[in-house]
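Student: My structure is stored as work-v8.cif, with mmCIF, C-alpha atoms.
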data_run
#
loop_
_atom_site.group_PDB
_atom_site.id
_atom_site.type_symbol
_atom_site.label_atom_id
_atom_site.label_comp_id
_atom_site.auth_asym_id
_atom_site.auth_seq_id
_atom_site.Cartn_x
_atom_site.Cartn_y
_atom_site.Cartn_z
ATOM 1 C CA MET A 1 -20.493 8.996 -20.574
ATOM 2 C CA ASN A 2 -21.858 8.451 -24.097
ATOM 3 C CA PRO A 3 -25.024 6.445 -24.704
ATOM 4 C CA THR A 4 -24.227 2.823 -25.478
ATOM 5 C CA PRO A 5 -26.632 -0.018 -26.228
ATOM 6 C CA ASP A 6 -27.408 -2.305 -23.277
ATOM 7 C CA THR A 7 -25.751 -5.625 -24.091
ATOM 8 C CA THR A 8 -25.848 -7.015 -20.550
ATOM 9 C CA THR A 9 -27.260 -10.511 -20.251
ATOM 10 C CA SER A 10 -30.296 -11.408 -18.196
ATOM 11 C CA ALA A 11 -28.060 -13.322 -15.755
ATOM 12 C CA ASP A 12 -26.210 -10.062 -15.211
ATOM 13 C CA ASN A 13 -29.395 -8.455 -14.015
ATOM 14 C CA GLY A 14 -29.468 -10.618 -10.925
ATOM 15 C CA GLY A 15 -32.090 -13.100 -12.062
ATOM 16 C CA ASN A 16 -30.514 -16.307 -10.754
ATOM 17 C CA PHE A 17 -27.966 -14.756 -8.433
ATOM 18 C CA ASP A 18 -28.377 -16.549 -5.127
ATOM 19 C CA PRO A 19 -27.159 -15.003 -1.851
ATOM 20 C CA GLN A 20 -24.434 -17.606 -1.330
ATOM 21 C CA GLN A 21 -22.956 -16.852 -4.740
ATOM 22 C CA ALA A 22 -23.234 -13.147 -3.954
ATOM 23 C CA ALA A 23 -21.383 -13.552 -0.640
ATOM 24 C CA ALA A 24 -18.614 -15.561 -2.324
ATOM 25 C CA LEU A 25 -18.295 -13.032 -5.146
ATOM 26 C CA LEU A 26 -18.266 -10.098 -2.723
ATOM 27 C CA ASP A 27 -15.526 -11.719 -0.632
ATOM 28 C CA GLN A 28 -13.446 -12.718 -3.621
ATOM 29 C CA THR A 29 -13.741 -9.323 -5.346
ATOM 30 C CA ALA A 30 -12.966 -7.333 -2.191
ATOM 31 C CA GLN A 31 -9.895 -9.469 -1.405
ATOM 32 C CA ARG A 32 -8.600 -9.267 -4.965
ATOM 33 C CA ALA A 33 -9.129 -5.487 -5.107
ATOM 34 C CA ARG A 34 -7.337 -4.957 -1.776
ATOM 35 C CA ARG A 35 -4.420 -7.062 -3.072
ATOM 36 C CA GLN A 36 -4.253 -5.177 -6.363
ATOM 37 C CA PHE A 37 -4.422 -1.721 -4.718
ATOM 38 C CA GLU A 38 -1.778 -2.548 -2.061
ATOM 39 C CA PRO A 39 1.414 -0.539 -2.739
ATOM 40 C CA TYR A 40 3.401 -2.617 -0.209
ATOM 41 C CA PRO A 41 2.377 -6.233 -0.856
ATOM 42 C CA PRO A 42 3.442 -8.813 1.752
ATOM 43 C CA TRP A 43 5.699 -10.679 -0.691
ATOM 44 C CA LEU A 44 7.680 -7.491 -1.324
ATOM 45 C CA LEU A 45 8.038 -6.846 2.422
ATOM 46 C CA VAL A 46 9.246 -10.430 3.004
ATOM 47 C CA ILE A 47 11.866 -10.072 0.229
ATOM 48 C CA ARG A 48 12.868 -6.700 1.717
ATOM 49 C CA ALA A 49 13.187 -8.296 5.171
ATOM 50 C CA VAL A 50 15.576 -10.933 3.799
ATOM 51 C CA GLY A 51 17.485 -8.246 1.863
ATOM 52 C CA VAL A 52 17.887 -6.092 4.984
ATOM 53 C CA LEU A 53 19.197 -9.068 6.916
ATOM 54 C CA VAL A 54 21.724 -9.884 4.160
ATOM 55 C CA ALA A 55 22.881 -6.259 3.670
ATOM 56 C CA PHE A 56 23.174 -5.342 7.350
ATOM 57 C CA GLY A 57 24.568 -8.810 8.127
ATOM 58 C CA ALA A 58 27.286 -8.357 5.482
ATOM 59 C CA VAL A 59 28.334 -5.063 7.054
ATOM 60 C CA TRP A 60 28.242 -6.528 10.571
ATOM 61 C CA LEU A 61 30.453 -9.450 9.475
ATOM 62 C CA SER A 62 32.925 -6.969 7.976
ATOM 63 C CA VAL A 63 33.183 -4.774 11.093
ATOM 64 C CA ARG A 64 32.691 -7.119 14.043
ATOM 65 C CA GLY A 65 36.414 -7.916 14.351
ATOM 66 C CA GLN A 66 37.630 -4.326 14.108
ATOM 67 C CA HIS A 67 39.358 -3.000 17.250
ATOM 68 C CA PRO A 68 39.236 -0.047 17.154
ATOM 69 C CA TYR A 69 36.240 0.364 14.868
ATOM 70 C CA GLN A 70 37.113 1.812 11.477
ATOM 71 C CA HIS A 71 34.382 1.412 8.805
ATOM 72 C CA PRO A 72 32.595 -1.244 6.722
ATOM 73 C CA THR A 73 35.007 -2.877 4.281
ATOM 74 C CA ALA A 74 34.941 -2.393 0.514
ATOM 75 C CA ALA A 75 33.507 -5.909 0.148
ATOM 76 C CA ALA A 76 30.401 -5.122 2.243
ATOM 77 C CA ILE A 77 29.526 -1.723 0.785
ATOM 78 C CA PRO A 78 28.485 -3.037 -2.680
ATOM 79 C CA VAL A 79 26.048 -5.419 -0.952
ATOM 80 C CA VAL A 80 24.388 -2.473 0.832
ATOM 81 C CA ILE A 81 24.304 -0.312 -2.300
ATOM 82 C CA THR A 82 22.910 -3.160 -4.429
ATOM 83 C CA PHE A 83 20.206 -3.823 -1.840
ATOM 84 C CA GLY A 84 19.351 -0.113 -1.638
ATOM 85 C CA VAL A 85 19.043 0.278 -5.415
ATOM 86 C CA LEU A 86 17.064 -2.949 -5.924
ATOM 87 C CA ASN A 87 14.770 -2.065 -3.023
ATOM 88 C CA LEU A 88 14.080 1.402 -4.426
ATOM 89 C CA VAL A 89 13.447 0.145 -7.970
ATOM 90 C CA ALA A 90 11.174 -2.701 -6.815
ATOM 91 C CA THR A 91 9.249 -0.442 -4.414
ATOM 92 C CA VAL A 92 8.621 2.245 -7.039
ATOM 93 C CA ALA A 93 7.646 -0.309 -9.718
ATOM 94 C CA VAL A 94 5.202 -2.172 -7.457
ATOM 95 C CA ALA A 95 3.673 1.024 -6.029
ATOM 96 C CA ARG A 96 3.217 2.491 -9.525
ATOM 97 C CA ARG A 97 1.453 -0.647 -10.707
ATOM 98 C CA ALA A 98 -0.787 -0.766 -7.634
ATOM 99 C CA THR A 99 -1.805 2.884 -7.829
ATOM 100 C CA ALA A 100 -2.183 3.093 -11.630
ATOM 101 C CA GLY A 101 -5.421 4.941 -12.352
ATOM 102 C CA VAL A 102 -5.968 5.756 -8.664
ATOM 103 C CA SER A 103 -6.196 9.363 -7.468
ATOM 104 C CA GLY A 104 -6.496 10.623 -3.921
ATOM 105 C CA ARG A 105 -5.208 9.526 -0.544
ATOM 106 C CA THR A 106 -3.733 6.231 -1.800
ATOM 107 C CA ARG A 107 -1.036 8.068 -3.759
ATOM 108 C CA LEU A 108 1.802 9.920 -2.064
ATOM 109 C CA ARG A 109 1.739 13.672 -2.618
ATOM 110 C CA PRO A 110 4.812 15.282 -4.254
ATOM 111 C CA ALA A 111 5.415 17.248 -1.027
ATOM 112 C CA GLU A 112 5.530 14.010 1.007
ATOM 113 C CA ILE A 113 8.014 12.441 -1.429
ATOM 114 C CA ALA A 114 10.114 15.642 -1.340
ATOM 115 C CA VAL A 115 10.201 15.635 2.473
ATOM 116 C CA MET A 116 11.467 12.041 2.558
ATOM 117 C CA ALA A 117 14.069 12.758 -0.153
ATOM 118 C CA VAL A 118 15.332 15.796 1.800
ATOM 119 C CA ILE A 119 15.512 13.707 4.990
ATOM 120 C CA TRP A 120 17.602 10.983 3.337
ATOM 121 C CA VAL A 121 19.951 13.445 1.612
ATOM 122 C CA GLY A 122 20.117 15.542 4.802
ATOM 123 C CA VAL A 123 21.149 12.759 7.179
ATOM 124 C CA PHE A 124 23.971 11.683 4.877
ATOM 125 C CA ALA A 125 25.060 15.290 4.310
ATOM 126 C CA VAL A 126 25.367 15.649 8.095
ATOM 127 C CA MET A 127 27.456 12.457 8.089
ATOM 128 C CA GLY A 128 29.881 14.179 5.718
ATOM 129 C CA VAL A 129 29.986 17.219 8.000
ATOM 130 C CA LEU A 130 30.718 14.990 11.021
ATOM 131 C CA ALA A 131 33.560 13.282 9.157
ATOM 132 C CA GLY A 132 34.987 16.673 8.207
ATOM 133 C CA ALA A 133 34.707 17.867 11.808
ATOM 134 C CA GLY A 134 36.922 15.009 12.984
ATOM 135 C CA VAL A 135 34.275 13.008 14.856
ATOM 136 C CA SER A 136 35.420 9.442 15.590
ATOM 137 C CA ASP A 137 35.027 6.695 12.953
ATOM 138 C CA ALA A 138 32.899 4.706 15.392
ATOM 139 C CA VAL A 139 30.243 7.435 15.220
ATOM 140 C CA VAL A 140 30.613 8.584 11.587
ATOM 141 C CA TYR A 141 30.827 5.121 9.961
ATOM 142 C CA GLY A 142 29.148 3.061 12.667
ATOM 143 C CA ILE A 143 26.475 4.376 15.003
ATOM 144 C CA TYR A 144 25.348 7.387 12.941
ATOM 145 C CA PRO A 145 24.602 5.761 9.523
ATOM 146 C CA VAL A 146 22.787 2.829 11.142
ATOM 147 C CA THR A 147 20.681 4.609 13.714
ATOM 148 C CA VAL A 148 20.042 8.247 12.766
ATOM 149 C CA PRO A 149 18.483 7.592 9.327
ATOM 150 C CA LEU A 150 16.157 5.003 10.891
ATOM 151 C CA ILE A 151 15.131 7.312 13.744
ATOM 152 C CA VAL A 152 14.654 10.463 11.658
ATOM 153 C CA ALA A 153 13.074 8.817 8.587
ATOM 154 C CA GLY A 154 10.936 6.578 10.832
ATOM 155 C CA LEU A 155 9.569 9.509 12.831
ATOM 156 C CA VAL A 156 8.903 11.676 9.764
ATOM 157 C CA TRP A 157 7.212 8.813 7.909
ATOM 158 C CA ALA A 158 5.133 8.066 11.012
ATOM 159 C CA GLY A 159 4.013 11.707 11.027
ATOM 160 C CA ILE A 160 3.045 11.560 7.348
ATOM 161 C CA MET A 161 1.115 8.321 7.866
ATOM 162 C CA ALA A 162 -0.602 9.712 10.986
ATOM 163 C CA ALA A 163 -1.745 12.722 8.941
ATOM 164 C CA ARG A 164 -3.254 10.249 6.462
ATOM 165 C CA ALA A 165 -4.838 8.280 9.342
ATOM 166 C CA ASP A 166 -2.987 5.158 8.133
ATOM 167 C CA TRP A 167 -2.342 3.767 11.603
ATOM 168 C CA ARG A 168 -0.803 0.458 10.486
ATOM 169 C CA ALA A 169 1.875 2.248 8.435
ATOM 170 C CA CYS A 170 2.325 4.796 11.239
ATOM 171 C CA ALA A 171 2.965 1.998 13.774
ATOM 172 C CA ALA A 172 5.445 0.311 11.395
ATOM 173 C CA ALA A 173 7.325 3.596 10.907
ATOM 174 C CA LEU A 174 7.474 4.173 14.671
ATOM 175 C CA ALA A 175 8.808 0.626 15.075
ATOM 176 C CA VAL A 176 11.584 1.477 12.580
ATOM 177 C CA ALA A 177 12.490 4.540 14.679
ATOM 178 C CA VAL A 178 12.508 2.377 17.821
ATOM 179 C CA VAL A 179 14.843 -0.125 16.101
ATOM 180 C CA GLY A 180 17.222 2.771 15.360
ATOM 181 C CA ALA A 181 17.113 3.928 18.979
ATOM 182 C CA VAL A 182 17.588 0.402 20.366
ATOM 183 C CA ALA A 183 20.639 -0.125 18.125
ATOM 184 C CA ILE A 184 22.557 2.824 19.651
ATOM 185 C CA PRO A 185 23.683 1.080 22.883
ATOM 186 C CA ALA A 186 24.915 -1.919 20.852
ATOM 187 C CA GLY A 187 27.938 0.110 19.757
ATOM 188 C CA PRO A 188 29.256 0.774 16.234
ATOM 189 C CA ALA A 189 29.608 -2.876 15.177
ATOM 190 C CA GLY A 190 26.695 -4.353 17.130
ATOM 191 C CA ALA A 191 24.347 -1.625 15.847
ATOM 192 C CA TRP A 192 24.446 -3.151 12.352
ATOM 193 C CA ALA A 193 23.344 -6.544 13.707
ATOM 194 C CA VAL A 194 20.637 -5.117 15.994
ATOM 195 C CA ALA A 195 19.260 -2.856 13.239
ATOM 196 C CA GLY A 196 19.321 -5.663 10.671
ATOM 197 C CA VAL A 197 17.430 -8.088 12.885
ATOM 198 C CA GLY A 198 15.087 -5.367 14.154
ATOM 199 C CA LEU A 199 14.175 -4.151 10.653
ATOM 200 C CA CYS A 200 13.701 -7.737 9.501
ATOM 201 C CA VAL A 201 11.219 -8.332 12.348
ATOM 202 C CA VAL A 202 9.359 -5.055 11.647
ATOM 203 C CA LEU A 203 9.076 -5.874 7.926
ATOM 204 C CA LEU A 204 7.856 -9.421 8.593
ATOM 205 C CA GLY A 205 5.331 -8.049 11.099
ATOM 206 C CA SER A 206 4.085 -5.528 8.552
ATOM 207 C CA ALA A 207 3.817 -8.249 5.905
ATOM 208 C CA ALA A 208 1.747 -10.383 8.293
ATOM 209 C CA ALA A 209 -0.508 -7.426 9.212
ATOM 210 C CA ILE A 210 -1.136 -6.535 5.556
ATOM 211 C CA ALA A 211 -1.797 -10.179 4.604
ATOM 212 C CA TRP A 212 -4.265 -10.479 7.502
ATOM 213 C CA ARG A 213 -6.040 -7.253 6.483
ATOM 214 C CA GLN A 214 -6.307 -8.376 2.876
ATOM 215 C CA ARG A 215 -8.093 -11.541 3.973
ATOM 216 C CA ALA A 216 -10.428 -9.773 6.423
ATOM 217 C CA MET B 1 -35.612 -12.920 5.623
ATOM 218 C CA THR B 2 -35.806 -13.279 1.793
ATOM 219 C CA ASP B 3 -33.784 -12.130 -1.209
ATOM 220 C CA ASP B 4 -36.051 -9.059 -1.361
ATOM 221 C CA ALA B 5 -34.022 -7.538 1.474
ATOM 222 C CA LEU B 6 -31.030 -7.331 -0.858
ATOM 223 C CA ASP B 7 -30.617 -4.036 -2.702
ATOM 224 C CA PRO B 8 -31.553 -4.963 -6.311
ATOM 225 C CA LEU B 9 -29.175 -2.351 -7.643
ATOM 226 C CA ILE B 10 -26.170 -4.025 -6.022
ATOM 227 C CA HIS B 11 -27.459 -7.615 -6.185
ATOM 228 C CA VAL B 12 -26.198 -8.098 -9.753
ATOM 229 C CA PRO B 13 -22.816 -9.821 -10.251
ATOM 230 C CA THR B 14 -21.234 -7.073 -12.327
ATOM 231 C CA ARG B 15 -22.466 -4.183 -10.183
ATOM 232 C CA LEU B 16 -21.503 -6.052 -7.016
ATOM 233 C CA LYS B 17 -17.973 -6.400 -8.414
ATOM 234 C CA ILE B 18 -17.862 -2.699 -9.327
ATOM 235 C CA VAL B 19 -19.041 -1.549 -5.904
ATOM 236 C CA ALA B 20 -16.792 -4.009 -4.004
ATOM 237 C CA THR B 21 -13.772 -2.940 -6.062
ATOM 238 C CA LEU B 22 -14.377 0.772 -5.497
ATOM 239 C CA ALA B 23 -15.004 0.139 -1.779
ATOM 240 C CA ALA B 24 -11.471 -1.273 -1.465
ATOM 241 C CA LEU B 25 -10.135 2.264 -2.002
ATOM 242 C CA PRO B 26 -10.034 4.774 0.855
ATOM 243 C CA ASP B 27 -13.037 7.097 1.103
ATOM 244 C CA GLY B 28 -12.796 9.864 -1.520
ATOM 245 C CA ASP B 29 -10.231 8.152 -3.773
ATOM 246 C CA THR B 30 -11.133 7.827 -7.446
ATOM 247 C CA LEU B 31 -10.339 5.134 -9.996
ATOM 248 C CA SER B 32 -9.885 5.587 -13.721
ATOM 249 C CA PHE B 33 -12.441 3.986 -15.994
ATOM 250 C CA THR B 34 -9.730 1.994 -17.807
ATOM 251 C CA ARG B 35 -8.259 0.517 -14.599
ATOM 252 C CA LEU B 36 -11.734 -0.392 -13.348
ATOM 253 C CA GLN B 37 -12.522 -1.988 -16.705
ATOM 254 C CA ASP B 38 -9.267 -3.926 -16.519
ATOM 255 C CA MET B 39 -10.032 -5.153 -12.997
ATOM 256 C CA ILE B 40 -13.658 -6.097 -13.661
ATOM 257 C CA GLY B 41 -13.008 -7.546 -17.123
ATOM 258 C CA LEU B 42 -15.938 -5.952 -18.961
ATOM 259 C CA THR B 43 -16.313 -4.296 -22.332
ATOM 260 C CA PRO B 44 -16.443 -0.481 -22.125
ATOM 261 C CA GLY B 45 -20.086 -0.477 -23.271
ATOM 262 C CA ASN B 46 -21.250 -2.875 -20.580
ATOM 263 C CA LEU B 47 -19.274 -1.113 -17.883
ATOM 264 C CA ILE B 48 -20.791 2.245 -18.846
ATOM 265 C CA ILE B 49 -24.318 0.841 -18.580
ATOM 266 C CA HIS B 50 -23.722 -0.505 -15.075
ATOM 267 C CA LEU B 51 -21.927 2.638 -13.967
ATOM 268 C CA ARG B 52 -24.779 4.771 -15.197
ATOM 269 C CA LYS B 53 -27.284 2.768 -13.135
ATOM 270 C CA LEU B 54 -25.130 3.144 -10.042
ATOM 271 C CA GLU B 55 -24.634 6.848 -10.714
ATOM 272 C CA GLU B 56 -28.376 7.440 -11.114
ATOM 273 C CA ALA B 57 -28.821 5.998 -7.611
ATOM 274 C CA ASP B 58 -26.000 8.232 -6.337
ATOM 275 C CA TYR B 59 -23.945 5.144 -5.379
ATOM 276 C CA ILE B 60 -21.006 6.335 -7.450
ATOM 277 C CA SER B 61 -19.845 9.630 -8.871
ATOM 278 C CA SER B 62 -17.960 10.068 -12.120
ATOM 279 C CA GLU B 63 -15.895 12.874 -13.516
ATOM 280 C CA LYS B 64 -14.544 13.434 -17.001
ATOM 281 C CA THR B 65 -11.400 15.489 -17.450
ATOM 282 C CA ARG B 66 -9.409 16.344 -20.545
ATOM 283 C CA ASN B 67 -5.643 16.046 -20.600
ATOM 284 C CA GLY B 68 -4.712 17.540 -23.965
ATOM 285 C CA THR B 69 -6.431 15.362 -26.537
ATOM 286 C CA VAL B 70 -6.978 12.505 -24.090
ATOM 287 C CA SER B 71 -10.200 12.314 -22.102
ATOM 288 C CA ILE B 72 -9.992 10.593 -18.724
ATOM 289 C CA THR B 73 -13.047 9.366 -16.832
ATOM 290 C CA THR B 74 -12.708 8.610 -13.142
ATOM 291 C CA VAL B 75 -15.254 7.019 -10.822
ATOM 292 C CA ALA B 76 -15.589 6.885 -7.058
ATOM 293 C CA LEU B 77 -17.922 5.310 -4.544
ATOM 294 C CA THR B 78 -20.011 7.957 -2.788
ATOM 295 C CA GLY B 79 -20.769 7.914 0.928
ATOM 296 C CA HIS B 80 -24.279 6.842 0.008
ATOM 297 C CA GLY B 81 -22.857 3.970 -2.095
ATOM 298 C CA ARG B 82 -20.539 2.860 0.709
ATOM 299 C CA ALA B 83 -23.457 2.858 3.147
ATOM 300 C CA ALA B 84 -25.590 0.897 0.653
ATOM 301 C CA LEU B 85 -22.838 -1.726 0.299
ATOM 302 C CA GLY B 86 -22.651 -1.945 4.104
ATOM 303 C CA THR B 87 -26.399 -2.482 4.332
ATOM 304 C CA TYR B 88 -26.271 -5.037 1.493
ATOM 305 C CA THR B 89 -23.416 -6.941 3.193
ATOM 306 C CA GLN B 90 -25.314 -7.007 6.491
ATOM 307 C CA ALA B 91 -28.496 -8.196 4.740
ATOM 308 C CA LEU B 92 -26.472 -10.932 3.056
ATOM 309 C CA ARG B 93 -25.046 -12.017 6.423
ATOM 310 C CA ASP B 94 -28.495 -12.056 8.035
ATOM 311 C CA LEU B 95 -29.890 -14.019 5.128
ATOM 312 C CA LEU B 96 -27.128 -16.625 5.093
ATOM 313 C CA GLY B 97 -27.087 -16.849 8.874
ATOM 314 C CA GLY B 98 -30.751 -17.652 8.759
ATOM 315 C CA LEU B 99 -30.368 -20.463 6.203
#
Could I get this file's structure written as structure tokens?

Tutor:
Amino acid sequence: MNPTPDTTTSADNGGNFDPQQAAALLDQTAQRARRQFEPYPPWLLVIRAVGVLVAFGAVWLSVRGQHPYQHPTAAAIPVVITFGVLNLVATVAVARRATAGVSGRTRLRPAEIAVMAVIWVGVFAVMGVLAGAGVSDAVVYGIYPVTVPLIVAGLVWAGIMAARADWRACAAALAVAVVGAVAIPAGPAGAWAVAGVGLCVVLLGSAAAIAWRQRA
Amino acid sequence: MTDDALDPLIHVPTRLKIVATLAALPDGDTLSFTRLQDMIGLTPGNLIIHLRKLEEADYISSEKTRNGTVSITTVALTGHGRAALGTYTQALRDLLGGL
């Protein structure tokens, strides 16, 4: 750092800084910093929870009357894709803003991002293989796309967060995997409803936990 | 207990804000000078003066790297600085509890 003239005021040297003011400033600064550094702010998680409910709910409404189960209708798929794209864009934009200028554990490593990308591409590649192998529509377009991505991505993300000793995020990721597992017995149509409600609850719980931590 | 129990290096509004902001990051993470300046709302000159005082006491560490023609300065709270903030916070609690 280059030498610069000291232009700090006498008040800035602690002269009349009473302990009560100090405690208030410490509290206020710490809370604001935690909010600004948070890559998953509660408001984003609440919006995501509503989005998940709408997207999964739209698919459930489109498949619940199918006997036998076929696949989500063309009307429901754009809702899911729109939610997925908006969620990704919003998540990346908010995380970039929160971690601007920050280096270290707060930022995801390229290897961690690559692992998650491979997982997501992988589970849907397997879905294509299952369809080609003649597996029933109930599995390929029902149980598999709802449950397997949640279980696999949830477990892998939990592992990554455990390695970072981020136990709140690890617990949330495990809860996502549990939601995937719990949705399996609900069948191809019911799985969409169970997963939608389950993810909504997990996201709202995470939002509450982060908001509570930011105030602590 | 009196105000004397409060670390005079931290018991200054600007330096308290700097230390509290850096403490919000996980141990070992660094913050760029420009982001810190943006968050604290100080002129570069004033921020440098306060950072230097904290660095002399080993409360923070700073590193300057060059990325092409751009020079980037990053700062981080040291373990010593984190402990000092903990002690300061406890002293503040004791002091206010005793009022």

Student: List every residue of chain B that has an atom at most 7 Å from any atom of chain A, giving for each one its closest atom pair and the distance in Å to one decimal, counting all atoms listed in the file, sorted by chain and then by ascending residue number, as a tab-separated table.

Tutor:
residue	atom	partner	partner_atom	distance
B:His11	CA	A:Gly14	CA	6.0
B:Val12	CA	A:Gly14	CA	4.3
B:Pro13	CA	A:Asp12	CA	6.0
B:Thr14	CA	A:Asp12	CA	6.5
B:Leu16	CA	A:Leu26	CA	6.7
B:Lys17	CA	A:Thr29	CA	6.0
B:Ala20	CA	A:Ala30	CA	5.4
B:Thr21	CA	A:Ala33	CA	5.4
B:Ala24	CA	A:Arg34	CA	5.5
B:Pro26	CA	A:Arg105	CA	6.9
B:Gly28	CA	A:Gly104	CA	6.8
B:Asp29	CA	A:Gly104	CA	4.5
B:Thr30	CA	A:Ser103	CA	5.2
B:Leu31	CA	A:Val102	CA	4.6
B:Ser32	CA	A:Gly101	CA	4.7
B:Arg35	CA	A:Gly101	CA	5.7
B:Gly45	CA	A:Thr4	CA	5.7
B:Asn46	CA	A:Thr8	CA	6.2
B:Ile48	CA	A:Met1	CA	7.0
B:Ile49	CA	A:Asp6	CA	6.4
B:Leu92	CA	A:Pro19	CA	6.4

Student: List as a JSON list (two decimals) with C-alpha atoms, in the frame of the given file the residues having at least one atom at most 6 Å from position (-16.2, -1.1, -16.8) as given in the file, counting only C-alpha atoms.

Tutor:
[["chain", "number", "residue", "atom", "x", "y", "z"],
["B", 36, "LEU", "CA", -11.73, -0.39, -13.35],
["B", 37, "GLN", "CA", -12.52, -1.99, -16.70],
["B", 42, "LEU", "CA", -15.94, -5.95, -18.96],
["B", 44, "PRO", "CA", -16.44, -0.48, -22.12],
["B", 47, "LEU", "CA", -19.27, -1.11, -17.88]]

Student: Rounded to one decimal in Å, what is the spacing between atom CA of B:Ile40 and atom CA of B:Ile18?

Tutor: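 A separation of 6.9 Å between them.
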
Student: Between A:Ala183, A:Ala193, A:Val63, A:Val89, which residue has the minimum interatomic distance to A:Ile143, considering all atoms listed in the file?

Tutor: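 Smallest separation from A:Ile143 among the options: A:Ala183.
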
Student: By how many Å are atom CA of A:Arg48 and atom CA of A:Gln66 apart?

Tutor: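 Computed distance, atom CA of A:Arg48 to atom CA of A:Gln66, equals 27.8 Å.
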
Student: Rounded to one decimal, what separation in Å do you get between atom CA of A:Val50 and atom CA of A:Ala90?

Tutor: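 We find that atom CA of A:Val50 and atom CA of A:Ala90 lie 14.1 Å from each other.
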
Student: Restricting the calculation to all atoms listed in the file, which member of B:Gly97, B:Thr87, B:Asp4, B:Ser62 is positioned closest to B:Val75?

Tutor: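 Closest residue, counting all atoms listed in the file: B:Ser62.
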